[in-house]
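Note: the block below is structure_24.cif and it holds mmCIF, C-alpha atoms.
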data_entry
loop_
_atom_site.label_atom_id
_atom_site.label_comp_id
_atom_site.auth_asym_id
_atom_site.auth_seq_id
_atom_site.Cartn_x
_atom_site.Cartn_y
_atom_site.Cartn_z
CA MET A 292 153.94 2.95 58.65
CA LYS A 293 157.60 3.12 59.62
CA GLU A 294 159.08 6.24 61.16
CA ARG A 295 159.17 8.94 58.50
CA THR A 296 162.80 9.55 57.55
CA THR A 297 161.79 12.90 56.07
CA GLU A 298 160.91 14.00 59.61
CA SER A 299 163.93 12.51 61.36
CA ALA A 300 166.61 14.73 62.90
CA SER A 301 169.23 16.25 60.64
CA ASN A 302 172.72 14.78 60.58
CA TYR A 303 173.91 18.26 61.51
CA ASP A 304 173.24 20.45 64.53
CA HIS A 305 173.88 24.02 65.66
CA LEU A 306 173.34 25.24 62.11
CA GLU A 307 173.09 28.82 63.31
CA LYS A 308 176.72 28.63 64.47
CA MET A 309 178.08 27.50 61.10
CA SER A 310 179.85 29.87 58.72
CA VAL A 311 178.35 30.52 55.30
CA HIS A 312 181.09 28.33 53.81
CA ASP A 313 180.31 25.41 56.12
CA LEU A 314 176.58 25.72 55.52
CA LEU A 315 177.07 25.53 51.77
CA VAL A 316 179.52 22.64 51.93
CA ASN A 317 177.24 20.63 54.18
CA ILE A 318 174.12 21.30 52.11
CA ASN A 319 176.04 20.28 49.00
CA THR A 320 177.27 17.12 50.73
CA GLU A 321 173.68 16.13 51.46
CA ASP A 322 172.51 17.02 47.95
CA LYS A 323 175.08 14.68 46.43
CA THR A 324 173.27 11.72 47.96
CA VAL A 325 170.03 12.36 46.08
CA PRO A 326 170.92 10.89 42.65
CA ASN A 327 172.07 7.70 44.35
CA ALA A 328 168.70 7.41 46.09
CA VAL A 329 166.94 7.93 42.76
CA GLU A 330 169.10 5.24 41.18
CA LYS A 331 167.89 2.69 43.73
CA ALA A 332 164.31 3.45 42.67
CA LEU A 333 164.92 2.99 38.91
CA PRO A 334 162.94 -0.27 38.67
CA GLN A 335 159.92 1.47 40.22
CA ILE A 336 160.39 4.50 37.96
CA GLU A 337 160.57 2.25 34.91
CA ALA A 338 157.35 0.47 35.85
CA LEU A 339 155.38 3.71 36.21
CA CYS A 340 156.95 5.27 33.13
CA THR A 341 155.99 2.25 31.03
CA VAL A 342 152.37 2.63 32.12
CA ILE A 343 152.36 6.38 31.48
CA SER A 344 153.75 5.94 27.97
CA ALA A 345 151.23 3.23 27.15
CA GLN A 346 148.26 5.27 28.38
CA LEU A 347 149.35 8.44 26.59
CA LYS A 348 149.66 6.46 23.36
CA LYS A 349 146.02 5.43 23.88
CA GLY A 350 145.04 9.08 24.01
CA GLY A 351 145.11 9.36 27.80
CA ARG A 352 146.49 12.15 29.93
CA LEU A 353 148.95 12.41 32.80
CA PHE A 354 147.84 14.08 36.03
CA TYR A 355 150.17 15.14 38.84
CA MET A 356 148.65 15.82 42.27
CA GLY A 357 150.31 17.22 45.37
CA ALA A 358 150.29 19.80 48.13
CA GLY A 359 152.82 22.52 48.89
CA THR A 360 156.25 21.99 47.35
CA SER A 361 155.21 18.64 45.89
CA GLY A 362 152.22 20.17 44.15
CA ARG A 363 154.28 23.04 42.79
CA LEU A 364 156.88 20.68 41.37
CA GLY A 365 154.18 18.76 39.53
CA ILE A 366 152.78 21.98 38.09
CA VAL A 367 156.24 23.05 36.94
CA ASP A 368 156.83 19.76 35.12
CA ALA A 369 153.38 19.81 33.53
CA SER A 370 153.72 23.43 32.41
CA GLU A 371 157.05 22.75 30.71
CA CYS A 372 155.79 19.92 28.50
CA PRO A 373 153.91 22.03 25.90
CA PRO A 374 156.76 24.47 25.10
CA THR A 375 159.43 21.76 25.25
CA PHE A 376 157.68 19.03 23.30
CA GLY A 377 154.91 20.82 21.42
CA VAL A 378 152.07 18.88 23.05
CA ASP A 379 148.67 20.25 24.02
CA HIS A 380 148.40 21.96 27.40
CA GLY A 381 145.84 19.39 28.52
CA LEU A 382 148.09 16.36 28.00
CA VAL A 383 149.99 16.76 31.28
CA VAL A 384 148.09 18.48 34.08
CA GLY A 385 149.36 19.57 37.49
CA LEU A 386 146.91 19.93 40.38
CA ILE A 387 147.72 21.43 43.79
CA ALA A 388 145.73 21.31 47.02
CA GLY A 389 144.11 24.69 47.51
CA GLY A 390 143.91 25.49 43.80
CA ASP A 391 146.02 27.83 41.71
CA SER A 392 146.32 30.40 44.49
CA ALA A 393 148.33 27.82 46.44
CA ILE A 394 151.06 27.94 43.80
CA ARG A 395 152.30 31.20 45.28
CA LYS A 396 150.90 31.19 48.78
CA ALA A 397 150.17 28.25 51.06
CA VAL A 398 146.48 27.54 51.68
CA GLU A 399 146.04 26.38 55.27
CA PHE A 400 144.81 22.81 55.76
CA ALA A 401 144.00 22.36 52.04
CA GLU A 402 146.07 19.17 51.94
CA ASP A 403 144.00 17.64 54.76
CA ASP A 404 140.79 17.45 52.70
CA LYS A 405 140.54 13.82 51.55
CA GLU A 406 137.60 14.51 49.22
CA GLN A 407 138.87 17.55 47.33
CA GLY A 408 141.49 15.75 45.25
CA TRP A 409 138.91 13.60 43.51
CA LYS A 410 136.64 16.63 43.04
CA ASP A 411 139.52 18.43 41.31
CA LEU A 412 140.09 15.46 39.00
CA GLN A 413 136.41 15.27 38.10
CA GLU A 414 136.62 18.76 36.62
CA TYR A 415 138.77 17.21 33.88
CA THR A 416 136.33 14.36 33.13
CA ILE A 417 138.99 11.81 34.00
CA THR A 418 138.79 8.39 32.28
CA LYS A 419 140.41 4.95 32.40
CA ASN A 420 142.87 6.05 29.73
CA ASP A 421 144.43 8.57 32.13
CA VAL A 422 147.17 8.16 34.73
CA VAL A 423 147.22 9.93 38.09
CA VAL A 424 150.52 10.36 39.94
CA GLY A 425 150.42 11.57 43.52
CA ILE A 426 153.45 13.49 44.78
CA ALA A 427 154.01 13.62 48.53
CA ALA A 428 157.37 13.64 50.28
CA SER A 429 155.77 12.48 53.52
CA GLY A 430 153.55 9.95 51.81
CA THR A 431 150.63 10.86 54.05
CA THR A 432 148.84 13.74 52.26
CA PRO A 433 145.05 13.11 52.49
CA TYR A 434 144.30 15.29 49.44
CA VAL A 435 146.39 12.96 47.29
CA ILE A 436 145.58 9.64 48.96
CA GLY A 437 141.83 10.19 48.71
CA ALA A 438 142.09 10.87 44.98
CA LEU A 439 144.25 7.80 44.36
CA GLU A 440 141.85 5.58 46.29
CA LYS A 441 138.93 6.74 44.15
CA CYS A 442 140.97 6.22 40.96
CA ASN A 443 141.79 2.68 42.05
CA GLU A 444 138.10 1.95 42.57
CA LEU A 445 137.37 3.07 39.01
CA GLY A 446 140.28 1.27 37.35
CA ILE A 447 142.32 4.39 36.63
CA ALA A 448 146.10 3.81 36.74
CA THR A 449 147.78 5.35 39.78
CA GLY A 450 151.37 6.07 40.73
CA CYS A 451 153.18 8.12 43.32
CA ILE A 452 156.49 9.75 44.18
CA THR A 453 157.34 9.74 47.87
CA CYS A 454 160.44 9.88 50.04
CA ASN A 455 159.39 7.54 52.82
CA GLN A 456 159.27 3.76 52.62
CA GLY A 457 156.00 1.96 53.31
CA SER A 458 153.95 5.17 53.47
CA PRO A 459 150.17 5.25 52.98
CA ILE A 460 150.49 6.78 49.52
CA ALA A 461 152.92 4.06 48.40
CA VAL A 462 150.55 1.39 49.70
CA THR A 463 147.66 3.03 47.85
CA ALA A 464 149.31 3.67 44.47
CA LYS A 465 149.48 0.77 42.02
CA TYR A 466 152.88 1.95 40.79
CA PRO A 467 154.71 3.56 43.73
CA ILE A 468 158.11 5.24 43.51
CA GLU A 469 159.93 5.50 46.84
CA VAL A 470 163.08 7.62 46.82
CA VAL A 471 164.39 7.54 50.38
CA VAL A 472 166.77 10.48 50.70
CA GLY A 473 167.10 10.39 54.50
CA PRO A 474 167.01 13.31 56.94
CA GLU A 475 166.99 16.83 55.57
CA PHE A 476 169.79 19.31 56.36
CA VAL A 477 167.18 21.42 58.13
CA THR A 478 165.06 18.85 59.94
CA GLY A 479 161.77 18.26 58.13
CA SER A 480 162.42 20.78 55.33
CA THR A 481 161.36 18.55 52.45
CA ARG A 482 161.75 21.37 49.94
CA MET A 483 165.44 20.41 50.04
CA LYS A 484 166.59 16.82 49.28
CA ALA A 485 163.08 15.40 48.95
CA GLY A 486 162.10 18.19 46.57
CA THR A 487 165.22 17.63 44.50
CA ALA A 488 164.49 13.90 44.31
CA GLN A 489 160.91 14.55 43.21
CA LYS A 490 162.09 16.96 40.51
CA LEU A 491 164.58 14.40 39.18
CA VAL A 492 161.91 11.71 39.01
CA LEU A 493 159.40 14.04 37.34
CA ASN A 494 162.02 14.90 34.72
CA MET A 495 162.45 11.19 34.04
CA LEU A 496 158.74 10.42 33.81
CA SER A 497 157.75 13.23 31.45
CA THR A 498 160.87 13.23 29.30
CA THR A 499 160.82 9.46 28.77
CA ALA A 500 157.10 9.52 27.97
CA MET A 501 157.53 12.34 25.45
CA ILE A 502 160.39 10.51 23.74
CA GLN A 503 158.22 7.39 23.60
CA LEU A 504 155.51 9.51 21.95
CA GLY A 505 157.99 10.53 19.23
CA ARG A 506 158.40 14.12 20.42
CA VAL A 507 162.20 13.98 20.20
CA LYS A 508 164.21 13.20 17.06
CA GLY A 509 167.80 12.12 17.58
CA ASN A 510 168.42 14.19 20.68
CA ARG A 511 166.56 17.31 19.55
CA MET A 512 163.33 18.97 20.69
CA VAL A 513 161.97 19.17 17.16
CA ASP A 514 158.44 20.14 18.26
CA MET A 515 159.37 22.88 20.75
CA HIS A 516 157.34 26.07 20.67
CA LEU A 517 159.16 29.06 19.20
CA SER A 518 158.16 31.29 22.09
CA ASN A 519 161.26 33.51 22.34
CA ASN A 520 164.32 34.59 20.37
CA LYS A 521 166.57 32.02 22.08
CA LEU A 522 164.35 29.17 20.92
CA VAL A 523 164.05 30.60 17.42
CA ASP A 524 167.86 30.76 17.22
CA ARG A 525 168.13 27.19 18.53
CA GLY A 526 165.52 26.00 16.05
CA THR A 527 167.29 27.75 13.20
CA ARG A 528 170.54 25.97 14.02
CA MET A 529 168.69 22.66 14.15
CA VAL A 530 167.16 23.24 10.72
CA MET A 531 170.59 24.21 9.37
CA GLU A 532 172.11 21.00 10.73
CA GLN A 533 169.44 18.79 9.20
CA THR A 534 169.13 20.51 5.81
CA GLY A 535 172.48 22.16 5.12
CA LEU A 536 170.73 25.49 4.52
CA ASP A 537 172.31 28.83 5.41
CA SER A 538 171.12 30.70 8.50
CA ASP A 539 168.76 33.16 6.80
CA THR A 540 167.06 30.53 4.66
CA ALA A 541 166.74 28.12 7.59
CA ASN A 542 165.27 30.86 9.76
CA LYS A 543 162.66 31.79 7.15
CA LEU A 544 161.70 28.14 6.68
CA LEU A 545 161.39 27.64 10.42
CA LEU A 546 159.18 30.69 10.94
CA LYS A 547 157.04 29.75 7.94
CA HIS A 548 156.25 26.26 9.23
CA GLY A 549 156.35 26.90 12.99
CA SER A 550 158.52 24.02 14.17
CA VAL A 551 161.80 22.30 13.37
CA ARG A 552 160.02 19.06 12.48
CA LYS A 553 157.64 20.71 10.02
CA ALA A 554 160.37 22.88 8.54
CA VAL A 555 162.61 19.89 7.81
CA GLU A 556 159.75 17.73 6.54
CA ASN A 557 158.54 20.43 4.17
CA TYR A 558 162.08 21.10 2.97
CA SER A 559 162.50 17.40 2.21
CA ASN A 560 159.23 17.49 0.28
CA GLY A 561 160.34 20.55 -1.67
CA LYS A 562 157.90 22.96 -0.02
#
Representation of the structure as structure tokens:
Amino acid sequence: MKERTTESASNYDHLEKMSVHDLLVNINTEDKTVPNAVEKALPQIEALCTVISAQLKKGGRLFYMGAGTSGRLGIVDASECPPTFGVDHGLVVGLIAGGDSAIRKAVEFAEDDKEQGWKDLQEYTITKNDVVVGIAASGTTPYVIGALEKCNELGIATGCITCNQGSPIAVTAKYPIEVVVGPEFVTGSTRMKAGTAQKLVLNMLSTTAMIQLGRVKGNRMVDMHLSNNKLVDRGTRMVMEQTGLDSDTANKLLLKHGSVRKAVENYSNGK
């Protein structure tokens, strides 16, 4: 493996001597480079996204696996799919080394267990219809690599999101995504640019897959869960736009049927 750029020295030094203004400007300058790095990886992102969409259409599931920040980002993306797109909670699953307790507090050496990742996947009775995406900024996390290796042996589709080129995880995954963001502002702090890059890619993977599954109509989240007043208000406006109904009538129709899609469909059918 080449030298890990995520571990290379920052382009800045003597950070403790910088003013608050200079710190913010310099962090922002580095952050601006991330979307360009993601753009260079679009062909890889497209390849993995195409596989994810195809497997989900077969009835498969999407699994994210990672440790630390990478694991947390996967869990965030997975947890947002049901309320945003109205899918079952088991369709997109986020797993983190060390289990759920590691979401809030780091579990020492959990990421170094090469066997545990596969054990965690087995709890979900994983099949060949599923897709497993490892997330590791360094590209060297044993917890993730071990799971991907086992998936490969069993013919389960594998992908990864990493921020180093030619890393072990990219070599292991059948559909690797390498977003090379360069040195972090604080040397080695991959919660910064690397984390931002991973979040952008995760947004692309899940959003594109959900659109491919028909969970968006036009540009609207017509299957979103009505879990708070803001979303009920948004849904009401969406029903109004699509039916021409007044606010009160649209709101009643929405609450009766539970989603924008069902409200509009039932209105069209005279129900």
Where does the PyMOL selection byres ((chain A and resi 538) around 12) land in this file, that is, which residues does it pick, as a PyMOL selection string? chain A and resi 523-532+534-537+539-545
Give me the region 293-395 of chain A side of the contact with region 478-489 of chain A, cut-off 12 Å, one line per residue showing its nearest atom pair and distance in Å at one decimal, counting only C-alpha atoms, sorted by chain and residue number, as a Markdown table.
| residue | atom | partner | partner_atom | distance |
| --- | --- | --- | --- | --- |
| A:Arg295 | CA | A:Gly479 | CA | 9.7 |
| A:Thr296 | CA | A:Gly479 | CA | 8.8 |
| A:Thr297 | CA | A:Gly479 | CA | 5.7 |
| A:Glu298 | CA | A:Gly479 | CA | 4.6 |
| A:Ser299 | CA | A:Thr478 | CA | 6.6 |
| A:Ala300 | CA | A:Thr478 | CA | 5.3 |
| A:Ser301 | CA | A:Thr478 | CA | 5.0 |
| A:Asn302 | CA | A:Thr478 | CA | 8.7 |
| A:Tyr303 | CA | A:Thr478 | CA | 9.0 |
| A:Asp304 | CA | A:Thr478 | CA | 9.5 |
| A:His305 | CA | A:Thr478 | CA | 11.7 |
| A:Leu306 | CA | A:Thr478 | CA | 10.7 |
| A:Ile318 | CA | A:Met483 | CA | 9.0 |
| A:Asn319 | CA | A:Lys484 | CA | 10.1 |
| A:Thr320 | CA | A:Lys484 | CA | 10.8 |
| A:Glu321 | CA | A:Lys484 | CA | 7.4 |
| A:Asp322 | CA | A:Lys484 | CA | 6.1 |
| A:Lys323 | CA | A:Lys484 | CA | 9.2 |
| A:Thr324 | CA | A:Lys484 | CA | 8.5 |
| A:Val325 | CA | A:Ala488 | CA | 6.0 |
| A:Pro326 | CA | A:Ala488 | CA | 7.3 |
| A:Asn327 | CA | A:Ala488 | CA | 9.8 |
| A:Ala328 | CA | A:Ala488 | CA | 7.9 |
| A:Val329 | CA | A:Ala488 | CA | 6.6 |
| A:Glu330 | CA | A:Ala488 | CA | 10.3 |
| A:Lys331 | CA | A:Ala488 | CA | 11.7 |
| A:Ala332 | CA | A:Ala488 | CA | 10.6 |
| A:Ile336 | CA | A:Gln489 | CA | 11.4 |
| A:Tyr355 | CA | A:Gln489 | CA | 11.6 |
| A:Gly357 | CA | A:Gln489 | CA | 11.1 |
| A:Ala358 | CA | A:Arg482 | CA | 11.7 |
| A:Gly359 | CA | A:Arg482 | CA | 9.1 |
| A:Thr360 | CA | A:Arg482 | CA | 6.1 |
| A:Ser361 | CA | A:Gly486 | CA | 6.9 |
| A:Gly362 | CA | A:Gly486 | CA | 10.4 |
| A:Arg363 | CA | A:Gly486 | CA | 9.9 |
| A:Leu364 | CA | A:Gln489 | CA | 7.6 |
| A:Gly365 | CA | A:Gln489 | CA | 8.7 |
| A:Val367 | CA | A:Gln489 | CA | 11.5 |
| A:Asp368 | CA | A:Gln489 | CA | 10.5 |
Next, the residues of the selection above should be written as a compact mmCIF listing (two decimals), keeping the file's coordinate frame with C-alpha atoms.
# COMPACT_ATOMS: atom_id res chain seq x y z
CA ARG A 295 159.17 8.94 58.50
CA THR A 296 162.80 9.55 57.55
CA THR A 297 161.79 12.90 56.07
CA GLU A 298 160.91 14.00 59.61
CA SER A 299 163.93 12.51 61.36
CA ALA A 300 166.61 14.73 62.90
CA SER A 301 169.23 16.25 60.64
CA ASN A 302 172.72 14.78 60.58
CA TYR A 303 173.91 18.26 61.51
CA ASP A 304 173.24 20.45 64.53
CA HIS A 305 173.88 24.02 65.66
CA LEU A 306 173.34 25.24 62.11
CA ILE A 318 174.12 21.30 52.11
CA ASN A 319 176.04 20.28 49.00
CA THR A 320 177.27 17.12 50.73
CA GLU A 321 173.68 16.13 51.46
CA ASP A 322 172.51 17.02 47.95
CA LYS A 323 175.08 14.68 46.43
CA THR A 324 173.27 11.72 47.96
CA VAL A 325 170.03 12.36 46.08
CA PRO A 326 170.92 10.89 42.65
CA ASN A 327 172.07 7.70 44.35
CA ALA A 328 168.70 7.41 46.09
CA VAL A 329 166.94 7.93 42.76
CA GLU A 330 169.10 5.24 41.18
CA LYS A 331 167.89 2.69 43.73
CA ALA A 332 164.31 3.45 42.67
CA ILE A 336 160.39 4.50 37.96
CA TYR A 355 150.17 15.14 38.84
CA GLY A 357 150.31 17.22 45.37
CA ALA A 358 150.29 19.80 48.13
CA GLY A 359 152.82 22.52 48.89
CA THR A 360 156.25 21.99 47.35
CA SER A 361 155.21 18.64 45.89
CA GLY A 362 152.22 20.17 44.15
CA ARG A 363 154.28 23.04 42.79
CA LEU A 364 156.88 20.68 41.37
CA GLY A 365 154.18 18.76 39.53
CA VAL A 367 156.24 23.05 36.94
CA ASP A 368 156.83 19.76 35.12
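With distances restricted to only C-alpha atoms, A:Thr463 is the closest residue to Asn443 (chain A) from A:Thr463, A:Ser370, A:Ser550, A:Gln533.
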Within 7 Å of Gly408 (chain A), counting only C-alpha atoms, which residues show up once you throw out same-chain ones fewer than 5 positions away? Write them as an MDAnalysis selection string, please. chainID A and resid 434:435 437:438
Please provide the set of residues having any atom within 8 Å of Ser344 (chain A), restricted to all atoms listed in the file, with same-chain residues fewer than 4 positions apart removed, written as a compact mmCIF listing (two decimals) with C-alpha atoms, in the coordinates of the input.
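Written output follows (result38.txt):
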# COMPACT_ATOMS: atom_id res chain seq x y z
CA CYS A 340 156.95 5.27 33.13
CA LYS A 348 149.66 6.46 23.36
CA THR A 499 160.82 9.46 28.77
CA ALA A 500 157.10 9.52 27.97
CA MET A 501 157.53 12.34 25.45
CA GLN A 503 158.22 7.39 23.60
CA LEU A 504 155.51 9.51 21.95
Neighbours of Ser497 (chain A) within 12 Å (only C-alpha atoms; same-chain residues fewer than 5 positions away dropped), as number ranges by chain? A: 336-337, 339-344, 347, 352-355, 365, 367-373, 375-376, 378, 382-384, 424, 490-492, 502-504, 506
Just want the 7 Å neighbourhood of region 418-421 of chain A, counted on all atoms listed in the file, with same-chain residues fewer than 6 positions away dropped. Output as a ChimeraX atom specification. /A:346,349-353,446-448
Leaving out Glu406 (chain A) and any residue of its chain fewer than 2 positions from it, which residues lie within 12 Å of it when counting all atoms listed in the file, given as a PyMOL selection string? chain A and resi 388+401-404+408-413+432-441
Provide region 544-555 of chain A of the preceding structure as a file containing N, CA and C atoms, as a CSV table (one decimal), in the first residue's frame.
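Saved result, part.csv, follows:
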chain,number,residue,atom,x,y,z
A,544,LEU,N,-56.7,15.0,4.6
A,544,LEU,CA,-56.5,13.9,3.7
A,544,LEU,C,-55.1,13.2,3.9
A,545,LEU,N,-54.1,14.0,4.2
A,545,LEU,CA,-52.8,13.5,4.5
A,545,LEU,C,-52.8,12.7,5.7
A,546,LEU,N,-53.4,13.2,6.8
A,546,LEU,CA,-53.4,12.5,8.1
A,546,LEU,C,-54.2,11.2,8.0
A,547,LYS,N,-55.3,11.2,7.2
A,547,LYS,CA,-56.1,10.1,7.0
A,547,LYS,C,-55.3,8.9,6.4
A,548,HIS,N,-54.5,9.2,5.4
A,548,HIS,CA,-53.9,8.2,4.6
A,548,HIS,C,-52.4,8.0,5.0
A,549,GLY,N,-51.8,8.9,5.7
A,549,GLY,CA,-50.5,8.6,6.3
A,549,GLY,C,-49.3,9.0,5.5
A,550,SER,N,-49.5,9.3,4.2
A,550,SER,CA,-48.3,9.8,3.4
A,550,SER,C,-48.9,10.6,2.2
A,551,VAL,N,-48.0,11.4,1.6
A,551,VAL,CA,-48.3,12.2,0.5
A,551,VAL,C,-48.8,11.3,-0.7
A,552,ARG,N,-48.0,10.3,-0.9
A,552,ARG,CA,-48.3,9.4,-2.1
A,552,ARG,C,-49.7,8.9,-1.9
A,553,LYS,N,-50.0,8.3,-0.8
A,553,LYS,CA,-51.3,7.6,-0.6
A,553,LYS,C,-52.5,8.7,-0.6
A,554,ALA,N,-52.2,9.8,0.0
A,554,ALA,CA,-53.2,10.9,0.0
A,554,ALA,C,-53.6,11.3,-1.4
A,555,VAL,N,-52.6,11.5,-2.3
A,555,VAL,CA,-52.8,12.0,-3.6
A,555,VAL,C,-53.5,10.9,-4.5
